[in-house]
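*Asks:* Please find one structure pasted underneath; my questions will follow.
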Amino acid sequence: MVVLRVIDGDTIEVRGDGRIVPKDTVARVRLLEIDTRERGACFADAATARTTELLPPGRSVRIQRDAELFDRYDRYLLYVWNEQGTFVNESLVRSGHAEAVLFPPNDKYWLVISRAEDTARQAVVGLWAACPETTEPSIPDTPTRPGLPDRPPAGVPDVDCSDLTGPVWVGPEDPHRLDRDGDGIGCDTN
């Protein structure tokens, strides 16, 4: 399989070799068990640049699937190793360019990837150093919950504000990082 382009820090486009992705098919691949910041957010450009370093267009990659092969956007869900044998999913988390995110039932490398995040957080590298809201989430006191729909559940992969129709209540937990201003309401700038 050959990398055609890097779309963002956790999504690439490849040409299939016939093993998992049909031969000569151009397909989008979402790297499993990780999440990088969306365009415009803190550290998003750095994550995309690091993924491009690890997976330069024109280079071959080795891939492995887990239980579910596709997400709801019809992207292939895969683990990826570059020509040097670097496990790219884990490497992005270890360097602080991505967060570890579990999307059951795809959990084959969860222990390795979640430990890589522990290492990055303890070392305060990458987004853990550059994005203060990542290390110390702060939600101001909200006397009453506004009448908004709940955020998507934590197990829903790669949700951003463009996937939603309007503001959502995220409260003190914001697994999809939809609340840019820390007021407990996500996507309120849509």
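Each chain in the structure tokens gets a letter, A, B and so on, in the order shown; residues start at 1 in every chain, and ligands are counted from 1 in the order they appear.
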I'd like to know which residues of segment 13-184 of chain A are strand (DSSP E) (by DSSP, run on the backbone); could you write them as a ChimeraX atom specification?
*Replies:* /A:13-15,26-31,34-35,62-70,76-81,99-100,168-169
*Asks:* Any idea what's packed within 9 Å of segment 17-30 of chain A, counting only C-alpha atoms, ignoring anything in its chain fewer than 5 positions away? Could you give it as a PyMOL selection string?
*Replies:* chain A and resi 1-2+4+7+10-12+63-65+70-71+74-79
*Asks:* Report as a list in words all protein, DNA and RNA residues lying within 8 Å of Arg94 of chain A, evaluated on only C-alpha atoms, omitting residues in the same chain fewer than 3 positions from it.
*Replies:*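 The contact residues come out as Glu90, Ser91, His97, Ala98, Ile113, Ala116, Glu117, Thr119 and Ala120 of chain A.
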*Asks:* Could you tell me how far atom CA of Pro175 of chain A sits from atom CA of Leu127 of chain A, in Å to one decimal place?
*Replies:*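 About the pair atom CA of Leu127 of chain A and atom CA of Pro175 of chain A: they are 15.1 Å apart.
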*Asks:* Using only C-alpha atoms, can you tell me which of A:Leu102, A:Cys131, A:Val3, A:Leu178 comes closest to Leu54 of chain A?
*Replies:*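 For Leu54 of chain A, the nearest of the given residues is A:Val3.
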*Asks:* If you count only C-alpha atoms, which residues fall within 10 Å of Val61 of chain A, apart from same-chain ones fewer than 4 positions away, as a VMD selection string?
*Replies:* chain A and resid 1 to 3 14 55 to 56 80 to 86 88
*Asks:* Where in segment 24-63 of chain A does DSSP assign alpha helix (DSSP H), given as a ChimeraX atom specification?
*Replies:* /A:44-54
*Asks:* Selection from above, all heavy atoms, as a CSV table (one decimal), in the first residue's frame, can you write it?
*Replies:*
chain,number,residue,atom,x,y,z
A,44,ALA,N,-2.9,21.3,15.8
A,44,ALA,CA,-3.4,20.6,14.6
A,44,ALA,C,-2.3,20.6,13.5
A,44,ALA,O,-2.1,19.5,12.9
A,44,ALA,CB,-4.7,21.1,14.1
A,45,ASP,N,-1.8,21.7,13.2
A,45,ASP,CA,-0.8,21.8,12.1
A,45,ASP,C,0.5,21.0,12.4
A,45,ASP,O,1.0,20.3,11.6
A,45,ASP,CB,-0.4,23.3,11.8
A,45,ASP,CG,-1.5,24.1,11.2
A,45,ASP,OD1,-2.5,23.5,10.7
A,45,ASP,OD2,-1.5,25.3,11.3
A,46,ALA,N,0.9,21.0,13.7
A,46,ALA,CA,2.1,20.3,14.1
A,46,ALA,C,1.8,18.8,13.9
A,46,ALA,O,2.7,18.0,13.5
A,46,ALA,CB,2.5,20.6,15.5
A,47,ALA,N,0.6,18.3,14.3
A,47,ALA,CA,0.2,16.9,14.1
A,47,ALA,C,0.2,16.5,12.7
A,47,ALA,O,0.8,15.4,12.3
A,47,ALA,CB,-1.1,16.6,14.8
A,48,THR,N,-0.3,17.3,11.8
A,48,THR,CA,-0.3,17.0,10.4
A,48,THR,C,1.1,17.0,9.8
A,48,THR,O,1.4,16.1,9.1
A,48,THR,CB,-1.2,18.0,9.6
A,48,THR,OG1,-2.5,18.0,10.2
A,48,THR,CG2,-1.2,17.7,8.1
A,49,ALA,N,1.9,17.9,10.3
A,49,ALA,CA,3.3,17.9,9.8
A,49,ALA,C,4.1,16.6,10.3
A,49,ALA,O,4.8,16.0,9.5
A,49,ALA,CB,4.0,19.2,10.3
A,50,ARG,N,3.8,16.2,11.5
A,50,ARG,CA,4.5,15.0,12.0
A,50,ARG,C,4.0,13.8,11.3
A,50,ARG,O,4.8,12.9,10.9
A,50,ARG,CB,4.3,14.9,13.5
A,50,ARG,CG,4.9,13.7,14.1
A,50,ARG,CD,6.5,13.8,14.0
A,50,ARG,NE,7.1,12.6,14.6
A,50,ARG,CZ,8.2,12.0,14.1
A,50,ARG,NH1,8.8,12.6,13.1
A,50,ARG,NH2,8.7,10.9,14.7
A,51,THR,N,2.7,13.7,11.0
A,51,THR,CA,2.2,12.6,10.2
A,51,THR,C,2.8,12.5,8.8
A,51,THR,O,3.2,11.5,8.3
A,51,THR,CB,0.7,12.6,10.2
A,51,THR,OG1,0.2,12.6,11.5
A,51,THR,CG2,0.1,11.4,9.4
A,52,THR,N,3.0,13.7,8.2
A,52,THR,CA,3.6,13.8,6.9
A,52,THR,C,5.1,13.3,7.0
A,52,THR,O,5.6,12.7,6.0
A,52,THR,CB,3.5,15.2,6.4
A,52,THR,OG1,2.1,15.6,6.3
A,52,THR,CG2,4.1,15.3,5.0
A,53,GLU,N,5.8,13.7,8.1
A,53,GLU,CA,7.2,13.2,8.2
A,53,GLU,C,7.2,11.7,8.3
A,53,GLU,O,8.1,11.0,7.7
A,53,GLU,CB,7.8,13.8,9.5
A,53,GLU,CG,8.1,15.2,9.4
A,53,GLU,CD,8.6,15.8,10.8
A,53,GLU,OE1,9.0,15.0,11.6
A,53,GLU,OE2,8.5,17.0,11.0
A,54,LEU,N,6.3,11.1,9.1
A,54,LEU,CA,6.3,9.7,9.3
A,54,LEU,C,5.8,8.9,8.1
A,54,LEU,O,6.2,7.7,7.9
A,54,LEU,CB,5.4,9.3,10.5
A,54,LEU,CG,6.0,9.7,11.9
A,54,LEU,CD1,4.9,9.6,13.0
A,54,LEU,CD2,7.2,8.9,12.2
